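Reviewing the structure listed below.
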Amino acid sequence: MMRNLSSVLKYQFYFYIEKSDMRYLNAGIRNMMASKRLGHISLSPRILEYKAEPDLYLESLSTSSGTTGMEVAVEGKILTLSCAARGSEKMTFEWFKDGYVINTTLTNREIYYRTVRSRPEEMTRSILSLDSVTLYDRGTFKCRVNDYGESQSKIIRVELVTMPYVNIEPSILTVNYGDQVSLICISPDGHEYEWFENSLKIKPGHRKDRIIEVLHPSGARLFIPSLTHSQNFTCRVRNKAGTANATSYLFVPKINETNFECLNDDFKQVKWRKTVGRHFDRQICPSGAGYATRNCLCPPETDGCHWTQPNFARCQSIRIVQIYDE
């Protein structure tokens with residue numbers, strides 16, 4: 001490169017040498033300064049300078065735990081990616097997600113990156129941080145470094161551990177006094193299961209009337225030999241992302257209330273099951289996503305019970321759920 005600075009030509013030379021050969025470069029520079037010439041060109045020792053910088057080398061792309069190539073992140077937790085490279089002071093970093101440039105100025109989330117230089121290691125790190133990982137962060141991240149027209153890249157694949165999805169069957173049931181009941185709790189992404197009765201933990205093996213069994217590959221069963229009064233049983237599932245609960249509502253009508261009930265009813269595209277009076281039934285929504293509830297009302301001024309209008313407030317569009325999952 002040649003620049004004209006007020007009738008003085010300034011030359012800039014870029015060349016690559018091995019670090020072990022630096023002594024030859026230093027000797028050549030000393031000879032030029034002593035002779036004040038470079039071939040037929042006169043040199044000014046006042047403006048003669050040189051700088052030795054490392055060649056571009058992208059060493060690694062890893063997480064804060066040191067993982068490379070593949071990382072399993074936890075939903076709701078912080079994700080930190082570190083891209084370490086050697087190069088000149090003009091070296092720049094770029095971040096990509098699934099092939100698109102990450103622009104932190106266009107997001108309403110806390111996503112940011114910073115550059116940290118370590119002179120003893122001759123290493124520069126670009127650190128990308130996401131404050132709270134979501135499903136949208138699953139994919140391939142790429143770090144690209146650029147220096148003097150050269151580029152190098154590395155990628156890391158990020159998978160996600162989400163909060164457990166818990167399903168309990170039956171979720172609601174009316175049974176006769178003394179009937180046996182079996183509750184099944186399933187979570188495809190759960191690791192630890194706990195059972196609670198009216199918010200009190202059921203310790204495995206401590207009660208003969210509450211029997212807990214482990215189901216494989218993933219699940220738990222609560223067997224109740226004889227249910228004598230209405231109870232709520234909750235299954236709590238835990239994994240790396242956190243905990244989630246599902247509750248089963250079991251209703252046992254009193255002897256003098258056996259005639260107070262709402263019968264099976266096919267209404268609003270939902271099959272409602274027979275339910276004891278002053279309680280409710282819960283069924284899967286017509287769309288297939290979410291649960292609908294319906295109360296069995298028994299006014300004191302009458303001798304019977306009747307169904308109220310269903311509550312579809314927790315129903316979702318299955319198409320919206322599919323778009324979210326995609």
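Residue numbering restarts at 1 in every chain; chains get A, B, ... in the order shown in the structure tokens, and ligands count up from 1 in that same order.
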Open item on the list: Residues within 6 Å of A:Lys142, please, as a list in words. Count only C-alpha atoms; anything in the same chain fewer than 6 positions from it doesn't count.
Closed with: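 Non-adjacent residues within range: Trp95, Phe96, Lys154 and Ile155 of chain A.
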TODO: Could you find all residues in stretch 20-256 of chain A that DSSP calls alpha helix (DSSP H) from the backbone, and write them as number ranges by chain?
DONE: A: 22-35
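Nearest to A:Asn239 of all the residues A:Arg37, A:Arg86, A:His191, A:Arg144 is A:His191, counting only C-alpha atoms.
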- [ ] Have a look at A:Trp307, A:Tyr24, A:Tyr136, A:Phe233 and name the one nearest to A:Glu75; count only C-alpha atoms.
- [x]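 The shortest atom-to-atom distance to A:Glu75 comes from A:Tyr136.
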TODO: Grab the atom CA of A:Arg294 to atom CA of A:Ile168 distance for me, in Å with one decimal place.
DONE: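 Answer for the atom CA of A:Arg294 to atom CA of A:Ile168 separation: 18.7 Å.
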Task: Computed interatomic separation between atom CA of A:Trp272 and atom CA of A:Ser230 (Å) - done: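 Distance between the two atoms: 19.4 Å.
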Task: DSSP strand (DSSP E) residues within stretch 122-319 of chain A, listed as a PyMOL selection string - done: chain A and resi 123-130+139-147+150-161+167-169+172-174+179-186+192-197+200-202+211-215+219-227+231-239+242-251+261-262+265-267+270-272+275-276+280-284+291-297+306-307
Task: Shell around A:Lys90 at 10 Å using only C-alpha atoms, local window under 3 positions removed, as a ChimeraX atom specification - done: /A:87,146-148
TODO: Can you work out which one of A:Glu213, A:Asp179, A:Arg236, A:Leu130 has the shortest atom-to-atom distance to A:Asn108, counting only C-alpha atoms?
DONE: A:Leu130
Open item on the list: Calculated over only C-alpha atoms, which of the candidates A:Ser317, A:Thr247, A:Thr275, A:Thr68 has the smallest distance to A:Ile156?
Closed with: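 The answer is A:Thr68, which sits nearest to A:Ile156.
With only C-alpha atoms as the basis for measurement, A:Arg138 is the residue among A:Lys51, A:Arg221, A:His306, A:Arg138 that approaches A:Leu79 most closely.
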TODO: Can you work out which one of A:Glu53, A:Glu89, A:Glu59, A:Asp98 has the shortest atom-to-atom distance to A:Arg117, counting only C-alpha atoms?
DONE: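 Looking only at the distances to A:Arg117, the closest residue turns out to be A:Glu89.
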Open item on the list: So that I can see what lies close to stretch 263-265 of chain A, please list as a PyMOL selection string the residues with an atom at most 12 Å from it, counting only C-alpha atoms and leaving out residues fewer than 5 positions away in the same chain.
Closed with: chain A and resi 174+258+270-277+280-281+283+294-297+304-310
Open item on the list: as a count of residues only, please: the residues near A:Phe223 (cut-off 7 Å, only C-alpha atoms, same-chain neighbours under 3 positions excluded).
Closed with: 6
